[in-house]
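Asker: Data file coords_18.cif (mmCIF, C-alpha atoms) is appended below.
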```cif
data_model
loop_
_atom_site.group_PDB
_atom_site.id
_atom_site.type_symbol
_atom_site.label_atom_id
_atom_site.label_comp_id
_atom_site.auth_asym_id
_atom_site.auth_seq_id
_atom_site.Cartn_x
_atom_site.Cartn_y
_atom_site.Cartn_z
ATOM 1 C CA VAL Z 265 -16.584 -8.520 -14.418
ATOM 2 C CA ALA Z 266 -13.207 -8.215 -16.116
ATOM 3 C CA THR Z 267 -10.890 -11.167 -16.461
ATOM 4 C CA ALA Z 268 -7.566 -11.090 -14.614
ATOM 5 C CA GLY Z 269 -5.674 -10.637 -17.900
ATOM 6 C CA ALA Z 270 -7.526 -7.365 -18.596
ATOM 7 C CA LEU Z 271 -6.334 -5.691 -15.400
ATOM 8 C CA ALA Z 272 -3.815 -2.849 -15.503
ATOM 9 C CA ARG Z 273 -1.501 -1.676 -12.737
ATOM 10 C CA ALA Z 274 -3.373 0.919 -10.670
ATOM 11 C CA GLY Z 275 -0.313 1.401 -8.461
ATOM 12 C CA VAL Z 276 1.616 -0.017 -5.545
ATOM 13 C CA ILE Z 277 1.437 0.236 -1.770
ATOM 14 C CA ALA Z 278 5.161 0.388 -0.976
ATOM 15 C CA GLN Z 279 5.024 -0.698 2.684
ATOM 16 C CA VAL Z 280 3.021 -3.321 4.552
ATOM 17 C CA ALA Z 281 4.024 -4.682 7.966
ATOM 18 C CA ALA Z 282 2.422 -7.515 9.949
ATOM 19 C CA GLY Z 283 3.331 -9.417 13.111
ATOM 20 C CA GLY Z 284 5.618 -8.506 15.998
ATOM 21 C CA GLY Z 285 3.238 -5.728 17.053
ATOM 22 C CA TRP Z 286 2.706 -4.435 13.493
ATOM 23 C CA ASP Z 287 -0.561 -4.409 11.555
ATOM 24 C CA THR Z 288 -1.566 -2.783 8.268
ATOM 25 C CA THR Z 289 -4.954 -1.806 6.852
ATOM 26 C CA ILE Z 290 -5.391 -1.014 3.143
ATOM 27 C CA TRP Z 291 -8.316 1.064 1.840
ATOM 28 C CA LEU Z 292 -9.124 1.024 -1.893
ATOM 29 C CA ILE Z 293 -11.869 3.386 -3.057
ATOM 30 C CA ASN Z 294 -13.950 3.133 -6.243
ATOM 31 C CA ARG Z 295 -15.470 6.572 -6.855
ATOM 32 C CA SER Z 296 -16.723 5.647 -10.312
ATOM 33 C CA SER Z 297 -20.249 4.630 -11.336
ATOM 34 C CA ALA Z 298 -19.129 1.165 -12.540
ATOM 35 C CA PRO Z 299 -17.859 -1.888 -10.636
ATOM 36 C CA VAL Z 300 -14.055 -2.257 -10.650
ATOM 37 C CA GLN Z 301 -12.387 -5.684 -10.706
ATOM 38 C CA THR Z 302 -9.352 -5.521 -8.411
ATOM 39 C CA ARG Z 303 -6.401 -7.806 -7.708
ATOM 40 C CA LEU Z 304 -3.967 -7.276 -4.845
ATOM 41 C CA ALA Z 305 -0.673 -9.164 -5.235
ATOM 42 C CA LEU Z 306 1.415 -9.328 -2.053
ATOM 43 C CA HIS Z 307 5.203 -9.442 -2.426
ATOM 44 C CA GLY Z 308 8.024 -9.917 0.067
ATOM 45 C CA ASP Z 309 10.901 -7.448 0.085
ATOM 46 C CA ASP Z 310 12.686 -9.630 -2.496
ATOM 47 C CA GLY Z 311 9.677 -9.464 -4.877
ATOM 48 C CA SER Z 312 8.567 -13.069 -4.370
ATOM 49 C CA PRO Z 313 4.875 -13.825 -3.666
ATOM 50 C CA LEU Z 314 4.067 -13.562 0.049
ATOM 51 C CA THR Z 315 1.079 -15.231 1.712
ATOM 52 C CA LEU Z 316 -0.519 -13.344 4.624
ATOM 53 C CA THR Z 317 -3.734 -13.858 6.556
ATOM 54 C CA LEU Z 318 -6.061 -10.971 5.714
ATOM 55 C CA THR Z 319 -9.456 -9.749 6.841
ATOM 56 C CA VAL Z 320 -11.360 -8.535 3.759
ATOM 57 C CA THR Z 321 -14.313 -6.183 4.315
ATOM 58 C CA GLN Z 322 -16.796 -4.601 1.920
ATOM 59 C CA PRO Z 323 -20.304 -3.275 2.623
ATOM 60 C CA GLY Z 324 -22.319 -6.224 3.978
ATOM 61 C CA PHE Z 325 -19.411 -8.661 3.660
ATOM 62 C CA SER Z 326 -16.379 -9.688 5.726
ATOM 63 C CA GLN Z 327 -14.152 -12.765 5.551
ATOM 64 C CA GLN Z 328 -10.689 -13.915 6.579
ATOM 65 C CA VAL Z 329 -8.399 -15.494 3.960
ATOM 66 C CA ALA Z 330 -4.767 -16.582 3.690
ATOM 67 C CA ALA Z 331 -3.490 -15.557 0.266
ATOM 68 C CA SER Z 332 -0.698 -14.006 -1.787
ATOM 69 C CA THR Z 333 -3.258 -12.622 -4.265
ATOM 70 C CA LEU Z 334 -6.724 -11.328 -3.573
ATOM 71 C CA ASP Z 335 -9.372 -10.793 -6.278
ATOM 72 C CA GLN Z 336 -12.398 -8.639 -5.440
ATOM 73 C CA VAL Z 337 -14.966 -6.505 -7.250
ATOM 74 C CA ILE Z 338 -15.414 -3.069 -5.698
ATOM 75 C CA ALA Z 339 -18.950 -1.797 -6.270
ATOM 76 C CA PRO Z 340 -19.498 1.796 -7.465
ATOM 77 C CA ASN Z 341 -18.844 4.452 -4.804
ATOM 78 C CA THR Z 342 -17.715 1.907 -2.192
ATOM 79 C CA THR Z 343 -14.537 0.879 -0.401
ATOM 80 C CA LEU Z 344 -12.606 -2.370 -0.069
ATOM 81 C CA VAL Z 345 -10.787 -2.689 3.285
ATOM 82 C CA VAL Z 346 -8.028 -5.288 3.660
ATOM 83 C CA ALA Z 347 -6.361 -5.696 7.069
ATOM 84 C CA THR Z 348 -3.451 -7.928 8.008
ATOM 85 C CA VAL Z 349 -3.950 -10.450 10.800
ATOM 86 C CA ALA Z 350 -1.151 -10.946 13.336
ATOM 87 C CA ALA Z 351 1.669 -13.079 11.936
ATOM 88 C CA ALA Z 352 3.999 -15.313 13.962
ATOM 89 C CA SER Z 353 6.958 -13.035 13.213
ATOM 90 C CA THR Z 354 7.405 -9.571 11.722
ATOM 91 C CA VAL Z 355 6.850 -9.559 7.967
ATOM 92 C CA GLN Z 356 7.455 -6.623 5.644
ATOM 93 C CA ALA Z 357 5.965 -6.540 2.187
ATOM 94 C CA TRP Z 358 4.585 -4.413 -0.618
ATOM 95 C CA VAL Z 359 1.381 -4.761 -2.625
ATOM 96 C CA GLU Z 360 0.819 -4.404 -6.361
ATOM 97 C CA VAL Z 361 -2.730 -3.241 -7.115
ATOM 98 C CA LEU Z 362 -4.239 -4.172 -10.490
ATOM 99 C CA SER Z 363 -7.679 -3.016 -11.596
ATOM 100 C CA SER Z 364 -10.120 -2.726 -14.482
ATOM 101 C CA GLY Z 365 -10.869 0.920 -13.661
ATOM 102 C CA PRO Z 366 -9.763 3.932 -11.634
ATOM 103 C CA LEU Z 367 -9.069 3.512 -7.920
ATOM 104 C CA SER Z 368 -7.654 5.649 -5.168
ATOM 105 C CA GLY Z 369 -6.402 4.395 -1.859
ATOM 106 C CA PHE Z 370 -3.871 4.235 0.915
ATOM 107 C CA ALA Z 371 -2.593 1.996 3.696
ATOM 108 C CA VAL Z 372 -1.987 2.731 7.362
ATOM 109 C CA PHE Z 373 0.504 0.598 9.225
ATOM 110 C CA ARG Z 374 0.755 0.731 13.014
ATOM 111 C CA TYR Z 375 3.124 -0.477 15.660
ATOM 112 C CA ALA Z 376 1.527 -1.696 18.913
ATOM 113 C CA GLY Z 377 -1.185 0.942 18.642
ATOM 114 C CA ALA Z 378 1.389 3.593 19.625
ATOM 115 C CA SER Z 379 2.577 4.971 16.283
ATOM 116 C CA GLU Z 380 1.404 4.790 12.711
ATOM 117 C CA ALA Z 381 2.192 5.912 9.177
ATOM 118 C CA ALA Z 382 0.153 6.297 5.998
ATOM 119 C CA VAL Z 383 1.262 5.072 2.587
ATOM 120 C CA PRO Z 384 -0.578 6.223 -0.565
ATOM 121 C CA LEU Z 385 -1.529 4.026 -3.486
ATOM 122 C CA GLN Z 386 1.410 5.156 -5.582
ATOM 123 C CA SER Z 387 0.464 5.327 -9.244
ATOM 124 C CA GLN Z 388 3.223 7.621 -10.473
ATOM 125 C CA THR Z 389 6.307 6.275 -12.161
ATOM 126 C CA GLY Z 390 8.137 9.558 -12.651
ATOM 127 C CA THR Z 391 11.785 10.186 -11.958
ATOM 128 C CA SER Z 392 11.209 12.297 -8.841
ATOM 129 C CA MET Z 393 8.744 12.804 -6.019
ATOM 130 C CA SER Z 394 8.274 15.141 -3.076
ATOM 131 C CA LEU Z 395 7.474 13.811 0.367
ATOM 132 C CA PRO Z 396 6.562 16.289 3.107
ATOM 133 C CA PHE Z 397 7.329 15.115 6.629
ATOM 134 C CA ASP Z 398 6.929 16.200 10.225
ATOM 135 C CA ASN Z 399 9.567 15.202 12.744
ATOM 136 C CA THR Z 400 8.051 17.012 15.725
ATOM 137 C CA GLY Z 401 7.336 15.083 18.901
ATOM 138 C CA GLY Z 402 10.431 12.899 18.518
ATOM 139 C CA TYR Z 403 9.092 10.939 15.536
ATOM 140 C CA SER Z 404 11.187 10.103 12.516
ATOM 141 C CA THR Z 405 10.131 9.654 8.903
ATOM 142 C CA GLY Z 406 10.974 6.603 6.832
ATOM 143 C CA VAL Z 407 10.509 6.104 3.117
ATOM 144 C CA ALA Z 408 9.602 2.804 1.445
ATOM 145 C CA LEU Z 409 10.350 2.488 -2.269
ATOM 146 C CA VAL Z 410 9.622 -0.325 -4.709
ATOM 147 C CA ASN Z 411 11.766 -0.875 -7.795
ATOM 148 C CA LEU Z 412 9.393 -2.332 -10.399
ATOM 149 C CA SER Z 413 12.008 -2.605 -13.168
ATOM 150 C CA GLY Z 414 13.554 -5.922 -12.136
ATOM 151 C CA SER Z 415 17.105 -4.546 -12.359
ATOM 152 C CA PRO Z 416 19.105 -2.544 -9.781
ATOM 153 C CA ASP Z 417 18.752 1.225 -9.712
ATOM 154 C CA ASN Z 418 20.305 4.146 -7.848
ATOM 155 C CA ILE Z 419 18.336 6.471 -5.576
ATOM 156 C CA THR Z 420 19.305 10.048 -4.708
ATOM 157 C CA ALA Z 421 17.578 11.751 -1.785
ATOM 158 C CA THR Z 422 17.739 15.499 -1.227
ATOM 159 C CA VAL Z 423 16.337 16.938 2.001
ATOM 160 C CA TRP Z 424 15.251 20.535 2.603
ATOM 161 C CA ASP Z 425 14.218 22.205 5.853
ATOM 162 C CA GLU Z 426 10.990 24.195 6.298
ATOM 163 C CA ASN Z 427 12.751 27.340 4.966
ATOM 164 C CA GLY Z 428 13.760 25.687 1.690
ATOM 165 C CA ASN Z 429 17.407 25.232 2.681
ATOM 166 C CA GLN Z 430 19.050 22.009 1.548
ATOM 167 C CA ILE Z 431 20.259 20.003 4.531
#
```
Step by step, read the file and then write its structure as structure tokens.
Answerer:
Amino acid sequence: VATAGALARAGVIAQVAAGGGWDTTIWLINRSSAPVQTRLALHGDDGSPLTLTLTVTQPGFSQQVAASTLDQVIAPNTTLVVATVAAASTVQAWVEVLSSGPLSGFAVFRYAGASEAAVPLQSQTGTSMSLPFDNTGGYSTGVALVNLSGSPDNITATVWDENGNQI
């Protein structure tokens, strides 16, 4: 088992919502042949630590905890599932994922069981990204971004239609 100081940033989950009809479930997958020490650090929109009640599930194990950080070991070829428990009011957050080895993952957040969105474990730190979206059926697409630099930054969004025309 690695110590917390030896963990590197595996990525971030840019959107978590809990309470007021919202719930979020995070799946982290270890596809390697070695155990991976993992730490999830929950942050409010302002970057400060945020404590949420979570249900933590791994094969043969499930518990409920209230925490702003969660340390778990993910066994080889298994999944860690972390679900928010209803909060008194709506809370929005993001999660920094640290690990001792490679992980993949995503989160799904839902509103009142009627609509949902998936958020990948974002490990890239490049200067651009592409996000496909589908606005059929009256749904809209939102984008959650996390600025990890600690200083303000500018964002430029360019949108193209399905024919490659800039809108």
Asker: Please measure the separation of CA of Gly285 (chain Z) and CA of Pro313 (chain Z), giving the value in Å to one decimal.
Answerer: 22.3 Å
Asker: Determine the residue membership of the PyMOL selection byres ((chain Z and resi 276-279) around 10) for the file above and supply it as a PyMOL selection string.
Answerer: chain Z and resi 273-275+280-281+288+290+304-307+309+356-362+369-373+381-388+407-412
Asker: Which is closer to Ser297 (chain Z) than all the others in Z:Asn341, Z:Asn429, Z:Thr348, Z:Thr354, using all atoms listed in the file?
Answerer: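 Comparing Z:Asn341, Z:Asn429, Z:Thr348, Z:Thr354 against Ser297 (chain Z), the winner is Z:Asn341.
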Asker: Measure the distance from CA of Asp287 (chain Z) to CA of Ser312 (chain Z) in Å and round it to one decimal.
Answerer: 20.3 Å
Asker: For the provided coordinates, the residues matched by the PyMOL selection byres ((chain Z and resi 300) around 12) should be stated as a PDB file with C-alpha atoms, in the frame of the given file.
Answerer:
```
ATOM      1  CA  VAL Z 265     -16.584  -8.520 -14.418  1.00  0.00           C
ATOM      2  CA  ALA Z 266     -13.207  -8.215 -16.116  1.00  0.00           C
ATOM      3  CA  THR Z 267     -10.890 -11.167 -16.461  1.00  0.00           C
ATOM      4  CA  ALA Z 268      -7.566 -11.090 -14.614  1.00  0.00           C
ATOM      5  CA  ALA Z 270      -7.526  -7.365 -18.596  1.00  0.00           C
ATOM      6  CA  LEU Z 271      -6.334  -5.691 -15.400  1.00  0.00           C
ATOM      7  CA  ALA Z 272      -3.815  -2.849 -15.503  1.00  0.00           C
ATOM      8  CA  ALA Z 274      -3.373   0.919 -10.670  1.00  0.00           C
ATOM      9  CA  LEU Z 292      -9.124   1.024  -1.893  1.00  0.00           C
ATOM     10  CA  ILE Z 293     -11.869   3.386  -3.057  1.00  0.00           C
ATOM     11  CA  ASN Z 294     -13.950   3.133  -6.243  1.00  0.00           C
ATOM     12  CA  ARG Z 295     -15.470   6.572  -6.855  1.00  0.00           C
ATOM     13  CA  SER Z 296     -16.723   5.647 -10.312  1.00  0.00           C
ATOM     14  CA  SER Z 297     -20.249   4.630 -11.336  1.00  0.00           C
ATOM     15  CA  ALA Z 298     -19.129   1.165 -12.540  1.00  0.00           C
ATOM     16  CA  PRO Z 299     -17.859  -1.888 -10.636  1.00  0.00           C
ATOM     17  CA  GLN Z 301     -12.387  -5.684 -10.706  1.00  0.00           C
ATOM     18  CA  THR Z 302      -9.352  -5.521  -8.411  1.00  0.00           C
ATOM     19  CA  ARG Z 303      -6.401  -7.806  -7.708  1.00  0.00           C
ATOM     20  CA  ASP Z 335      -9.372 -10.793  -6.278  1.00  0.00           C
ATOM     21  CA  GLN Z 336     -12.398  -8.639  -5.440  1.00  0.00           C
ATOM     22  CA  VAL Z 337     -14.966  -6.505  -7.250  1.00  0.00           C
ATOM     23  CA  ILE Z 338     -15.414  -3.069  -5.698  1.00  0.00           C
ATOM     24  CA  ALA Z 339     -18.950  -1.797  -6.270  1.00  0.00           C
ATOM     25  CA  PRO Z 340     -19.498   1.796  -7.465  1.00  0.00           C
ATOM     26  CA  ASN Z 341     -18.844   4.452  -4.804  1.00  0.00           C
ATOM     27  CA  THR Z 342     -17.715   1.907  -2.192  1.00  0.00           C
ATOM     28  CA  THR Z 343     -14.537   0.879  -0.401  1.00  0.00           C
ATOM     29  CA  LEU Z 344     -12.606  -2.370  -0.069  1.00  0.00           C
ATOM     30  CA  VAL Z 361      -2.730  -3.241  -7.115  1.00  0.00           C
ATOM     31  CA  LEU Z 362      -4.239  -4.172 -10.490  1.00  0.00           C
ATOM     32  CA  SER Z 363      -7.679  -3.016 -11.596  1.00  0.00           C
ATOM     33  CA  SER Z 364     -10.120  -2.726 -14.482  1.00  0.00           C
ATOM     34  CA  GLY Z 365     -10.869   0.920 -13.661  1.00  0.00           C
ATOM     35  CA  PRO Z 366      -9.763   3.932 -11.634  1.00  0.00           C
ATOM     36  CA  LEU Z 367      -9.069   3.512  -7.920  1.00  0.00           C
ATOM     37  CA  SER Z 368      -7.654   5.649  -5.168  1.00  0.00           C
TER      38      SER Z 368
END
```
Asker: So which one's closest to Gln327 (chain Z), Z:Pro416, Z:Ala347, Z:Asp310, Z:Ser353? Using only C-alpha atoms, please.
Answerer: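 Smallest distance to Gln327 (chain Z) is found for Z:Ala347.
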Asker: Tell me, in Å to one decimal, how far CA of Ala421 (chain Z) is from CA of Ala282 (chain Z).
Answerer: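 These two atoms are separated by 27.2 Å.
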Asker: Could you give me the axis-aligned bounding box of region 332-339 of chain Z, with 4 Å of padding per side, as centre plus edge lengths in Å to one decimal, as AutoDock Vina command-line options?
Answerer:
```
--center_x -9.8 --center_y -7.9 --center_z -4.5 --size_x 26.3 --size_y 20.2 --size_z 13.5
```
Asker: Please evaluate the PyMOL selection byres ((chain Z and resi 321) around 9) against the displayed coordinates and give the resulting residues as a PDB file with C-alpha atoms, in the coordinates of the input.
Answerer:
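As a result, result.pdb now contains:
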```
ATOM      1  CA  THR Z 319      -9.456  -9.749   6.841  1.00  0.00           C
ATOM      2  CA  VAL Z 320     -11.360  -8.535   3.759  1.00  0.00           C
ATOM      3  CA  GLN Z 322     -16.796  -4.601   1.920  1.00  0.00           C
ATOM      4  CA  PRO Z 323     -20.304  -3.275   2.623  1.00  0.00           C
ATOM      5  CA  GLY Z 324     -22.319  -6.224   3.978  1.00  0.00           C
ATOM      6  CA  PHE Z 325     -19.411  -8.661   3.660  1.00  0.00           C
ATOM      7  CA  SER Z 326     -16.379  -9.688   5.726  1.00  0.00           C
ATOM      8  CA  GLN Z 327     -14.152 -12.765   5.551  1.00  0.00           C
ATOM      9  CA  GLN Z 328     -10.689 -13.915   6.579  1.00  0.00           C
ATOM     10  CA  THR Z 343     -14.537   0.879  -0.401  1.00  0.00           C
ATOM     11  CA  LEU Z 344     -12.606  -2.370  -0.069  1.00  0.00           C
ATOM     12  CA  VAL Z 345     -10.787  -2.689   3.285  1.00  0.00           C
ATOM     13  CA  VAL Z 346      -8.028  -5.288   3.660  1.00  0.00           C
ATOM     14  CA  ALA Z 347      -6.361  -5.696   7.069  1.00  0.00           C
TER      15      ALA Z 347
END
```
Asker: Z:Ala330, Z:Ala378, Z:Trp291, Z:Val423: which is nearest Ala350 (chain Z), counting only C-alpha atoms?
Answerer: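 Once distances to Ala350 (chain Z) are computed over only C-alpha atoms, the minimum belongs to Z:Ala330.
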